[in-house]
file coords_19.cif (mmCIF, C-alpha atoms and all ligand atoms; chains and numbers go by the auth columns)
data_structure
#
loop_
_atom_site.group_PDB
_atom_site.id
_atom_site.type_symbol
_atom_site.label_atom_id
_atom_site.label_comp_id
_atom_site.label_asym_id
_atom_site.label_seq_id
_atom_site.Cartn_x
_atom_site.Cartn_y
_atom_site.Cartn_z
_atom_site.B_iso_or_equiv
_atom_site.auth_seq_id
_atom_site.auth_asym_id
ATOM 1 C CA MET A 1 -24.550 90.418 41.835 0.00 1 A
ATOM 2 C CA GLU A 2 -27.572 88.954 43.538 0.00 2 A
ATOM 3 C CA VAL A 3 -30.041 87.017 41.417 0.00 3 A
ATOM 4 C CA ASN A 4 -33.402 85.980 42.842 0.00 4 A
ATOM 5 C CA GLY A 5 -32.025 86.374 46.338 0.00 5 A
ATOM 6 C CA GLN A 6 -28.879 84.323 45.744 0.00 6 A
ATOM 7 C CA ALA A 7 -25.383 85.783 45.589 0.00 7 A
ATOM 8 C CA VAL A 8 -23.816 85.037 42.216 0.00 8 A
ATOM 9 C CA GLU A 9 -20.140 85.261 41.394 0.00 9 A
ATOM 10 C CA ALA A 10 -19.134 84.456 37.866 0.00 10 A
ATOM 11 C CA GLU A 11 -16.860 85.597 35.110 0.00 11 A
ATOM 12 C CA ALA A 12 -18.392 86.955 31.956 0.00 12 A
ATOM 13 C CA SER A 13 -16.861 88.301 28.808 0.00 13 A
ATOM 14 C CA ALA A 14 -16.868 92.043 28.295 0.00 14 A
ATOM 15 C CA VAL A 15 -19.509 91.685 25.593 0.00 15 A
ATOM 16 C CA SER A 16 -21.764 89.220 27.413 0.00 16 A
ATOM 17 C CA ARG A 17 -25.372 90.402 27.423 0.00 17 A
ATOM 18 C CA LEU A 18 -27.166 90.089 30.764 0.00 18 A
ATOM 19 C CA SER A 19 -30.064 88.225 29.125 0.00 19 A
ATOM 20 C CA ARG A 20 -27.702 85.573 27.756 0.00 20 A
ATOM 21 C CA PHE A 21 -25.860 85.305 31.049 0.00 21 A
ATOM 22 C CA LEU A 22 -29.089 84.757 32.961 0.00 22 A
ATOM 23 C CA ARG A 23 -30.275 82.145 30.470 0.00 23 A
ATOM 24 C CA ASP A 24 -27.084 80.324 29.517 0.00 24 A
ATOM 25 C CA VAL A 25 -24.973 80.538 32.664 0.00 25 A
ATOM 26 C CA LEU A 26 -27.635 80.577 35.375 0.00 26 A
ATOM 27 C CA GLY A 27 -30.267 78.552 33.493 0.00 27 A
ATOM 28 C CA LEU A 28 -32.991 81.134 34.070 0.00 28 A
ATOM 29 C CA THR A 29 -34.804 80.470 30.832 0.00 29 A
ATOM 30 C CA GLY A 30 -37.845 82.445 31.905 0.00 30 A
ATOM 31 C CA VAL A 31 -35.823 85.378 30.599 0.00 31 A
ATOM 32 C CA LYS A 32 -36.828 85.358 26.942 0.00 32 A
ATOM 33 C CA GLU A 33 -34.979 86.919 24.066 0.00 33 A
ATOM 34 C CA GLY A 34 -37.101 88.188 21.222 0.00 34 A
ATOM 35 C CA CYS A 35 -35.534 91.090 19.404 0.00 35 A
ATOM 36 C CA CYS A 36 -32.307 91.690 21.395 0.00 36 A
ATOM 37 C CA GLU A 37 -32.716 95.344 20.431 0.00 37 A
ATOM 38 C CA GLY A 38 -34.839 96.727 23.257 0.00 38 A
ATOM 39 C CA GLU A 39 -38.050 96.631 21.213 0.00 39 A
ATOM 40 C CA CYS A 40 -40.085 93.699 22.530 0.00 40 A
ATOM 41 C CA GLY A 41 -39.627 93.615 26.314 0.00 41 A
ATOM 42 C CA SER A 42 -39.561 89.822 26.527 0.00 42 A
ATOM 43 C CA CYS A 43 -36.204 89.975 28.347 0.00 43 A
ATOM 44 C CA THR A 44 -37.469 92.304 31.102 0.00 44 A
ATOM 45 C CA VAL A 45 -36.074 91.695 34.580 0.00 45 A
ATOM 46 C CA LEU A 46 -36.047 93.865 37.693 0.00 46 A
ATOM 47 C CA LEU A 47 -32.761 95.612 38.456 0.00 47 A
ATOM 48 C CA ASP A 48 -32.899 96.936 42.009 0.00 48 A
ATOM 49 C CA GLY A 49 -36.682 96.751 41.722 0.00 49 A
ATOM 50 C CA LYS A 50 -37.003 98.570 38.404 0.00 50 A
ATOM 51 C CA PRO A 51 -37.788 96.925 35.059 0.00 51 A
ATOM 52 C CA VAL A 52 -34.940 96.862 32.536 0.00 52 A
ATOM 53 C CA ASN A 53 -34.400 95.181 29.196 0.00 53 A
ATOM 54 C CA SER A 54 -31.695 92.683 30.053 0.00 54 A
ATOM 55 C CA CYS A 55 -30.768 92.322 26.377 0.00 55 A
ATOM 56 C CA LEU A 56 -29.548 95.913 26.427 0.00 56 A
ATOM 57 C CA MET A 57 -27.331 95.466 29.481 0.00 57 A
ATOM 58 C CA LEU A 58 -23.910 93.971 29.582 0.00 58 A
ATOM 59 C CA THR A 59 -23.461 91.434 32.336 0.00 59 A
ATOM 60 C CA PHE A 60 -20.733 93.377 34.090 0.00 60 A
ATOM 61 C CA GLN A 61 -23.079 96.357 34.381 0.00 61 A
ATOM 62 C CA ALA A 62 -25.233 94.284 36.749 0.00 62 A
ATOM 63 C CA ALA A 63 -22.340 93.691 39.157 0.00 63 A
ATOM 64 C CA GLY A 64 -23.300 94.766 42.656 0.00 64 A
ATOM 65 C CA HIS A 65 -26.993 94.989 41.785 0.00 65 A
ATOM 66 C CA LYS A 66 -30.040 92.905 42.672 0.00 66 A
ATOM 67 C CA ILE A 67 -31.719 91.138 39.778 0.00 67 A
ATOM 68 C CA ILE A 68 -35.096 89.440 39.890 0.00 68 A
ATOM 69 C CA THR A 69 -36.273 87.286 37.011 0.00 69 A
ATOM 70 C CA VAL A 70 -39.696 85.710 36.605 0.00 70 A
ATOM 71 C CA GLU A 71 -38.339 82.639 38.408 0.00 71 A
ATOM 72 C CA GLY A 72 -37.774 84.829 41.463 0.00 72 A
ATOM 73 C CA LEU A 73 -41.185 86.432 41.437 0.00 73 A
ATOM 74 C CA GLY A 74 -42.502 83.705 43.705 0.00 74 A
ATOM 75 C CA GLU A 75 -45.976 82.282 44.022 0.00 75 A
ATOM 76 C CA SER A 76 -46.715 84.703 46.857 0.00 76 A
ATOM 77 C CA SER A 77 -46.808 87.529 44.331 0.00 77 A
ATOM 78 C CA GLY A 78 -50.080 86.171 42.932 0.00 78 A
ATOM 79 C CA LEU A 79 -49.520 88.053 39.705 0.00 79 A
ATOM 80 C CA GLN A 80 -49.160 84.870 37.693 0.00 80 A
ATOM 81 C CA ASP A 81 -52.409 83.569 39.168 0.00 81 A
ATOM 82 C CA ALA A 82 -54.235 86.697 38.008 0.00 82 A
ATOM 83 C CA PHE A 83 -52.924 86.099 34.472 0.00 83 A
ATOM 84 C CA LEU A 84 -53.987 82.466 34.561 0.00 84 A
ATOM 85 C CA GLN A 85 -57.425 83.172 35.988 0.00 85 A
ATOM 86 C CA LEU A 86 -58.222 85.750 33.313 0.00 86 A
ATOM 87 C CA GLY A 87 -56.608 83.808 30.484 0.00 87 A
ATOM 88 C CA ALA A 88 -54.031 86.508 29.854 0.00 88 A
ATOM 89 C CA VAL A 89 -51.487 83.947 28.644 0.00 89 A
ATOM 90 C CA GLN A 90 -51.638 82.671 25.085 0.00 90 A
ATOM 91 C CA CYS A 91 -48.376 81.360 23.665 0.00 91 A
ATOM 92 C CA GLY A 92 -46.696 82.729 26.765 0.00 92 A
ATOM 93 C CA TYR A 93 -43.448 83.860 25.173 0.00 93 A
ATOM 94 C CA CYS A 94 -43.993 87.490 26.135 0.00 94 A
ATOM 95 C CA THR A 95 -45.515 86.703 29.514 0.00 95 A
ATOM 96 C CA PRO A 96 -42.392 86.637 31.724 0.00 96 A
ATOM 97 C CA GLY A 97 -41.346 90.079 30.509 0.00 97 A
ATOM 98 C CA ILE A 98 -44.851 91.448 30.967 0.00 98 A
ATOM 99 C CA LEU A 99 -45.050 90.008 34.472 0.00 99 A
ATOM 100 C CA MET A 100 -41.771 91.676 35.392 0.00 100 A
ATOM 101 C CA ALA A 101 -42.792 95.015 33.900 0.00 101 A
ATOM 102 C CA ALA A 102 -46.089 94.787 35.803 0.00 102 A
ATOM 103 C CA GLU A 103 -44.347 93.818 39.017 0.00 103 A
ATOM 104 C CA GLY A 104 -42.026 96.804 38.632 0.00 104 A
ATOM 105 C CA LEU A 105 -45.046 99.067 38.177 0.00 105 A
ATOM 106 C CA LEU A 106 -46.874 97.665 41.208 0.00 106 A
ATOM 107 C CA ARG A 107 -43.808 98.111 43.401 0.00 107 A
ATOM 108 C CA ALA A 108 -43.580 101.758 42.388 0.00 108 A
ATOM 109 C CA SER A 109 -47.313 102.398 42.218 0.00 109 A
ATOM 110 C CA PRO A 110 -49.394 99.794 44.100 0.00 110 A
ATOM 111 C CA ASN A 111 -52.735 101.145 42.928 0.00 111 A
ATOM 112 C CA PRO A 112 -52.138 102.258 39.337 0.00 112 A
ATOM 113 C CA LEU A 113 -54.623 103.850 37.011 0.00 113 A
ATOM 114 C CA GLU A 114 -55.347 101.939 33.805 0.00 114 A
ATOM 115 C CA VAL A 115 -53.391 104.511 31.862 0.00 115 A
ATOM 116 C CA GLU A 116 -50.381 103.866 34.094 0.00 116 A
ATOM 117 C CA ILE A 117 -50.638 100.120 33.461 0.00 117 A
ATOM 118 C CA ARG A 118 -50.808 100.736 29.719 0.00 118 A
ATOM 119 C CA HIS A 119 -47.822 103.054 29.923 0.00 119 A
ATOM 120 C CA ALA A 120 -45.803 100.585 32.025 0.00 120 A
ATOM 121 C CA LEU A 121 -46.467 97.771 29.539 0.00 121 A
ATOM 122 C CA ALA A 122 -45.987 99.891 26.427 0.00 122 A
ATOM 123 C CA GLY A 123 -42.522 98.413 25.890 0.00 123 A
ATOM 124 C CA ASN A 124 -43.769 94.827 26.003 0.00 124 A
ATOM 125 C CA VAL A 125 -45.029 93.366 22.770 0.00 125 A
ATOM 126 C CA CYS A 126 -47.439 90.417 22.728 0.00 126 A
ATOM 127 C CA ARG A 127 -47.628 88.986 19.228 0.00 127 A
ATOM 128 C CA CYS A 128 -50.760 87.092 20.229 0.00 128 A
ATOM 129 C CA THR A 129 -52.345 90.538 20.745 0.00 129 A
ATOM 130 C CA GLY A 130 -53.909 89.728 24.106 0.00 130 A
ATOM 131 C CA PHE A 131 -53.310 93.214 25.413 0.00 131 A
ATOM 132 C CA GLU A 132 -56.770 94.022 26.783 0.00 132 A
ATOM 133 C CA ILE A 133 -56.912 90.956 28.985 0.00 133 A
ATOM 134 C CA ILE A 134 -53.342 91.513 30.127 0.00 134 A
ATOM 135 C CA ILE A 135 -54.220 95.037 31.271 0.00 135 A
ATOM 136 C CA GLN A 136 -57.295 93.641 33.027 0.00 136 A
ATOM 137 C CA ALA A 137 -55.210 90.988 34.790 0.00 137 A
ATOM 138 C CA VAL A 138 -52.743 93.558 36.120 0.00 138 A
ATOM 139 C CA ALA A 139 -55.587 95.829 37.253 0.00 139 A
ATOM 140 C CA ALA A 140 -57.415 92.927 38.940 0.00 140 A
ATOM 141 C CA HIS A 141 -54.279 91.870 40.715 0.00 141 A
ATOM 142 C CA ALA A 142 -53.535 95.418 41.872 0.00 142 A
ATOM 143 C CA ALA A 143 -57.073 95.658 43.263 0.00 143 A
ATOM 144 C CA ALA A 144 -56.726 92.295 45.032 0.00 144 A
ATOM 145 C CA ARG A 145 -53.440 93.358 46.590 0.00 145 A
ATOM 146 C CA GLU A 146 -55.055 96.563 47.770 0.00 146 A
ATOM 147 C CA VAL A 147 -57.931 94.666 49.433 0.00 147 A
ATOM 148 C CA ALA A 148 -55.487 92.269 51.108 0.00 148 A
ATOM 149 C CA ARG A 149 -53.588 95.159 52.620 0.00 149 A
HETATM 150 S S1 LIG B . -35.168 90.802 23.703 0.00 1 B
HETATM 151 FE FE1 LIG B . -34.838 92.511 24.957 0.00 1 B
HETATM 152 S S2 LIG B . -36.274 93.966 24.320 0.00 1 B
HETATM 153 FE FE2 LIG B . -36.542 92.309 22.942 0.00 1 B
HETATM 154 S S1 LIG B . -48.826 85.436 24.694 0.00 2 B
HETATM 155 FE FE1 LIG B . -47.873 85.054 22.826 0.00 2 B
HETATM 156 S S2 LIG B . -46.583 86.675 22.429 0.00 2 B
HETATM 157 FE FE2 LIG B . -47.717 87.200 24.153 0.00 2 B
#
call {"tool": "encode", "arguments": {"input": "coords_19.cif", "output": "structure tokens"}}
result
Amino acid sequence: MEVNGQAVEAEASAVSRLSRFLRDVLGLTGVKEGCCEGECGSCTVLLDGKPVNSCLMLTFQAAGHKIITVEGLGESSGLQDAFLQLGAVQCGYCTPGILMAAEGLLRASPNPLEVEIRHALAGNVCRCTGFEIIIQAVAAHAAAREVAR
């Protein structure tokens, strides 16, 4: 598989979850595990550009695919800056997953309606309940990207 632009070859057990592999084997601890049941979204990564819950994937299922974690988002994305500027990060545990879900949305739909942002982030739970500001940060960033185009 390719992870954050780097080719990765490794052996993993048949029951190894992708989230654990990314964290424990590759050291990509920006991939958070909350529920490990597909409920919280904190483990979200991009698989071939689309957001997936990495806790629900087995590592071998990612073979041959391109994975991007929050570590691979890169400063050029500017999405993190929008979150910081608007104070959309509280404890931060949910933030990597939300960033990846938002990035997946913006790749598919660069100028989303608010309802689309809400829908895209519906699978990401923030226990600090900062949802409004998170939606605003994604919308602000989408608008800034549009202007820069
Ligand atoms: S840890 Fe994957 S959805 Fe919660
Ligand atoms: S910022 Fe704390 S869980 Fe979201």
call {"tool": "resolve_selection", "arguments": {"input": "coords_19.cif", "expression": "the PyMOL selection byres (((chain A and resi 88-92) around 7) and not hetatm)", "output": "list of chain:residue names"}}
result
A:Phe83, A:Leu84, A:Leu86, A:Gly87, A:Tyr93, A:Cys94, A:Thr95, A:Cys128, A:Gly130, A:Ile133, A:Ile134, A:Ala137
call {"tool": "resolve_selection", "arguments": {"input": "coords_19.cif", "expression": "the PyMOL selection byres (((not hetatm)) within 8 of (chain B and resi 1))", "output": "ChimeraX atom specification"}}
result
/A:19,32-44,53-56,123-124
call {"tool": "resolve_selection", "arguments": {"input": "coords_19.cif", "expression": "the PyMOL selection byres (((chain A and resi 101) around 7) and not hetatm)", "output": "PyMOL selection string"}}
result
chain A and resi 44+51+97-100+102-105+120-121
call {"tool": "atom_distance", "arguments": {"input": "coords_19.cif", "atom1": "CA of Ile135 in chain A", "atom2": "CA of Ile117 in chain A"}}
result
6.6 Å
call {"tool": "atom_distance", "arguments": {"input": "coords_19.cif", "atom1": "CA of Leu79 in chain A", "atom2": "CA of Cys126 in chain A"}}
result
17.3 Å
call {"tool": "closest_residue", "arguments": {"input": "coords_19.cif", "among": "A:Val125, A:Leu106, A:Ala148, A:Leu73", "to": "ligand LIG 2 (chain B)", "atoms": "all atoms listed in the file"}}
result
A:Val125
call {"tool": "closest_residue", "arguments": {"input": "coords_19.cif", "among": "A:Arg127, A:Gln136, A:Glu146, A:His65", "to": "ligand LIG 2 (chain B)", "atoms": "all atoms listed in the file"}}
result
A:Arg127
call {"tool": "closest_residue", "arguments": {"input": "coords_19.cif", "among": "A:Pro96, A:Asn111, A:Arg145, A:Ala122", "to": "ligand LIG 2 (chain B)", "atoms": "all atoms listed in the file"}}
result
A:Pro96
call {"tool": "axis_aligned_box", "arguments": {"input": "coords_19.cif", "around": "ligand LIG 2 (chain B)", "padding_each_side": "3 Å", "output": "AutoDock Vina command-line options"}}
result
--center_x -47.7 --center_y 86.1 --center_z 23.6 --size_x 8.2 --size_y 8.1 --size_z 8.3
call {"tool": "decode", "arguments": {"input": "coords_19.cif", "residues": "range 98-113 of chain A", "atoms": "all heavy atoms", "output": "PDB file, in the first residue's frame"}}
result
ATOM      1  N   ILE A  98     -12.057  14.371  11.911  1.00  0.00           N
ATOM      2  CA  ILE A  98     -12.913  15.390  11.302  1.00  0.00           C
ATOM      3  C   ILE A  98     -12.188  16.058  10.137  1.00  0.00           C
ATOM      4  O   ILE A  98     -12.777  16.296   9.077  1.00  0.00           O
ATOM      5  CB  ILE A  98     -13.351  16.423  12.363  1.00  0.00           C
ATOM      6  CG1 ILE A  98     -14.331  15.752  13.336  1.00  0.00           C
ATOM      7  CG2 ILE A  98     -13.971  17.648  11.717  1.00  0.00           C
ATOM      8  CD1 ILE A  98     -14.742  16.614  14.516  1.00  0.00           C
ATOM      9  N   LEU A  99     -10.903  16.343  10.332  1.00  0.00           N
ATOM     10  CA  LEU A  99     -10.130  16.934   9.235  1.00  0.00           C
ATOM     11  C   LEU A  99     -10.133  16.020   8.017  1.00  0.00           C
ATOM     12  O   LEU A  99     -10.274  16.489   6.879  1.00  0.00           O
ATOM     13  CB  LEU A  99      -8.681  17.182   9.688  1.00  0.00           C
ATOM     14  CG  LEU A  99      -8.478  18.338  10.666  1.00  0.00           C
ATOM     15  CD1 LEU A  99      -7.069  18.287  11.257  1.00  0.00           C
ATOM     16  CD2 LEU A  99      -8.692  19.678   9.970  1.00  0.00           C
ATOM     17  N   MET A 100      -9.993  14.732   8.237  1.00  0.00           N
ATOM     18  CA  MET A 100      -9.930  13.813   7.090  1.00  0.00           C
ATOM     19  C   MET A 100     -11.302  13.675   6.422  1.00  0.00           C
ATOM     20  O   MET A 100     -11.385  13.578   5.194  1.00  0.00           O
ATOM     21  CB  MET A 100      -9.395  12.441   7.526  1.00  0.00           C
ATOM     22  CG  MET A 100      -7.985  12.470   8.108  1.00  0.00           C
ATOM     23  SD  MET A 100      -6.828  13.540   7.219  1.00  0.00           S
ATOM     24  CE  MET A 100      -6.629  12.640   5.678  1.00  0.00           C
ATOM     25  N   ALA A 101     -12.350  13.670   7.222  1.00  0.00           N
ATOM     26  CA  ALA A 101     -13.695  13.615   6.632  1.00  0.00           C
ATOM     27  C   ALA A 101     -13.955  14.887   5.824  1.00  0.00           C
ATOM     28  O   ALA A 101     -14.518  14.848   4.724  1.00  0.00           O
ATOM     29  CB  ALA A 101     -14.745  13.462   7.734  1.00  0.00           C
ATOM     30  N   ALA A 102     -13.517  16.029   6.373  1.00  0.00           N
ATOM     31  CA  ALA A 102     -13.708  17.304   5.665  1.00  0.00           C
ATOM     32  C   ALA A 102     -12.875  17.344   4.391  1.00  0.00           C
ATOM     33  O   ALA A 102     -13.340  17.805   3.344  1.00  0.00           O
ATOM     34  CB  ALA A 102     -13.331  18.472   6.586  1.00  0.00           C
ATOM     35  N   GLU A 103     -11.650  16.876   4.485  1.00  0.00           N
ATOM     36  CA  GLU A 103     -10.790  16.856   3.301  1.00  0.00           C
ATOM     37  C   GLU A 103     -11.408  15.973   2.205  1.00  0.00           C
ATOM     38  O   GLU A 103     -11.396  16.329   1.033  1.00  0.00           O
ATOM     39  CB  GLU A 103      -9.392  16.346   3.683  1.00  0.00           C
ATOM     40  CG  GLU A 103      -8.415  16.233   2.530  1.00  0.00           C
ATOM     41  CD  GLU A 103      -7.976  17.576   1.938  1.00  0.00           C
ATOM     42  OE1 GLU A 103      -8.163  18.606   2.603  1.00  0.00           O
ATOM     43  OE2 GLU A 103      -7.467  17.566   0.810  1.00  0.00           O
ATOM     44  N   GLY A 104     -11.942  14.833   2.615  1.00  0.00           N
ATOM     45  CA  GLY A 104     -12.609  13.957   1.644  1.00  0.00           C
ATOM     46  C   GLY A 104     -13.776  14.661   0.974  1.00  0.00           C
ATOM     47  O   GLY A 104     -13.969  14.566  -0.241  1.00  0.00           O
ATOM     48  N   LEU A 105     -14.552  15.400   1.772  1.00  0.00           N
ATOM     49  CA  LEU A 105     -15.678  16.156   1.210  1.00  0.00           C
ATOM     50  C   LEU A 105     -15.187  17.190   0.202  1.00  0.00           C
ATOM     51  O   LEU A 105     -15.711  17.292  -0.907  1.00  0.00           O
ATOM     52  CB  LEU A 105     -16.454  16.862   2.331  1.00  0.00           C
ATOM     53  CG  LEU A 105     -17.453  17.920   1.858  1.00  0.00           C
ATOM     54  CD1 LEU A 105     -18.616  17.273   1.117  1.00  0.00           C
ATOM     55  CD2 LEU A 105     -17.947  18.771   3.022  1.00  0.00           C
ATOM     56  N   LEU A 106     -14.164  17.965   0.601  1.00  0.00           N
ATOM     57  CA  LEU A 106     -13.704  19.064  -0.253  1.00  0.00           C
ATOM     58  C   LEU A 106     -13.060  18.562  -1.536  1.00  0.00           C
ATOM     59  O   LEU A 106     -13.062  19.253  -2.551  1.00  0.00           O
ATOM     60  CB  LEU A 106     -12.740  19.966   0.532  1.00  0.00           C
ATOM     61  CG  LEU A 106     -13.384  20.687   1.726  1.00  0.00           C
ATOM     62  CD1 LEU A 106     -12.344  21.478   2.500  1.00  0.00           C
ATOM     63  CD2 LEU A 106     -14.518  21.598   1.276  1.00  0.00           C
ATOM     64  N   ARG A 107     -12.516  17.355  -1.507  1.00  0.00           N
ATOM     65  CA  ARG A 107     -11.975  16.781  -2.744  1.00  0.00           C
ATOM     66  C   ARG A 107     -13.112  16.401  -3.695  1.00  0.00           C
ATOM     67  O   ARG A 107     -12.982  16.538  -4.906  1.00  0.00           O
ATOM     68  CB  ARG A 107     -11.132  15.545  -2.431  1.00  0.00           C
ATOM     69  CG  ARG A 107      -9.817  15.912  -1.779  1.00  0.00           C
ATOM     70  CD  ARG A 107      -8.946  14.704  -1.544  1.00  0.00           C
ATOM     71  NE  ARG A 107      -7.718  15.119  -0.890  1.00  0.00           N
ATOM     72  CZ  ARG A 107      -6.589  14.445  -0.928  1.00  0.00           C
ATOM     73  NH1 ARG A 107      -6.525  13.297  -1.588  1.00  0.00           N
ATOM     74  NH2 ARG A 107      -5.515  14.885  -0.305  1.00  0.00           N
ATOM     75  N   ALA A 108     -14.201  15.924  -3.109  1.00  0.00           N
ATOM     76  CA  ALA A 108     -15.337  15.501  -3.946  1.00  0.00           C
ATOM     77  C   ALA A 108     -16.211  16.687  -4.329  1.00  0.00           C
ATOM     78  O   ALA A 108     -16.820  16.708  -5.399  1.00  0.00           O
ATOM     79  CB  ALA A 108     -16.160  14.455  -3.202  1.00  0.00           C
ATOM     80  N   SER A 109     -16.290  17.662  -3.433  1.00  0.00           N
ATOM     81  CA  SER A 109     -17.196  18.789  -3.619  1.00  0.00           C
ATOM     82  C   SER A 109     -16.514  20.043  -3.082  1.00  0.00           C
ATOM     83  O   SER A 109     -16.656  20.388  -1.905  1.00  0.00           O
ATOM     84  CB  SER A 109     -18.507  18.498  -2.850  1.00  0.00           C
ATOM     85  OG  SER A 109     -19.366  19.593  -2.926  1.00  0.00           O
ATOM     86  N   PRO A 110     -15.725  20.731  -3.919  1.00  0.00           N
ATOM     87  CA  PRO A 110     -14.888  21.836  -3.440  1.00  0.00           C
ATOM     88  C   PRO A 110     -15.662  23.006  -2.836  1.00  0.00           C
ATOM     89  O   PRO A 110     -15.105  23.748  -2.043  1.00  0.00           O
ATOM     90  CB  PRO A 110     -14.143  22.282  -4.697  1.00  0.00           C
ATOM     91  CG  PRO A 110     -14.229  21.138  -5.644  1.00  0.00           C
ATOM     92  CD  PRO A 110     -15.515  20.446  -5.338  1.00  0.00           C
ATOM     93  N   ASN A 111     -16.907  23.162  -3.224  1.00  0.00           N
ATOM     94  CA  ASN A 111     -17.672  24.309  -2.737  1.00  0.00           C
ATOM     95  C   ASN A 111     -18.983  23.825  -2.114  1.00  0.00           C
ATOM     96  O   ASN A 111     -20.066  24.096  -2.629  1.00  0.00           O
ATOM     97  CB  ASN A 111     -17.933  25.255  -3.918  1.00  0.00           C
ATOM     98  CG  ASN A 111     -18.407  26.609  -3.453  1.00  0.00           C
ATOM     99  OD1 ASN A 111     -18.293  26.948  -2.268  1.00  0.00           O
ATOM    100  ND2 ASN A 111     -18.960  27.380  -4.364  1.00  0.00           N
ATOM    101  N   PRO A 112     -18.898  23.106  -0.998  1.00  0.00           N
ATOM    102  CA  PRO A 112     -20.097  22.437  -0.477  1.00  0.00           C
ATOM    103  C   PRO A 112     -21.079  23.389   0.199  1.00  0.00           C
ATOM    104  O   PRO A 112     -20.684  24.405   0.762  1.00  0.00           O
ATOM    105  CB  PRO A 112     -19.519  21.467   0.555  1.00  0.00           C
ATOM    106  CG  PRO A 112     -18.264  22.129   1.018  1.00  0.00           C
ATOM    107  CD  PRO A 112     -17.719  22.879  -0.160  1.00  0.00           C
ATOM    108  N   LEU A 113     -22.326  23.020   0.129  1.00  0.00           N
ATOM    109  CA  LEU A 113     -23.343  23.714   0.921  1.00  0.00           C
ATOM    110  C   LEU A 113     -23.161  23.323   2.382  1.00  0.00           C
ATOM    111  O   LEU A 113     -22.591  22.269   2.693  1.00  0.00           O
ATOM    112  CB  LEU A 113     -24.744  23.290   0.472  1.00  0.00           C
ATOM    113  CG  LEU A 113     -25.115  23.591  -0.976  1.00  0.00           C
ATOM    114  CD1 LEU A 113     -26.434  22.916  -1.332  1.00  0.00           C
ATOM    115  CD2 LEU A 113     -25.191  25.100  -1.187  1.00  0.00           C
TER     116      LEU A 113
END
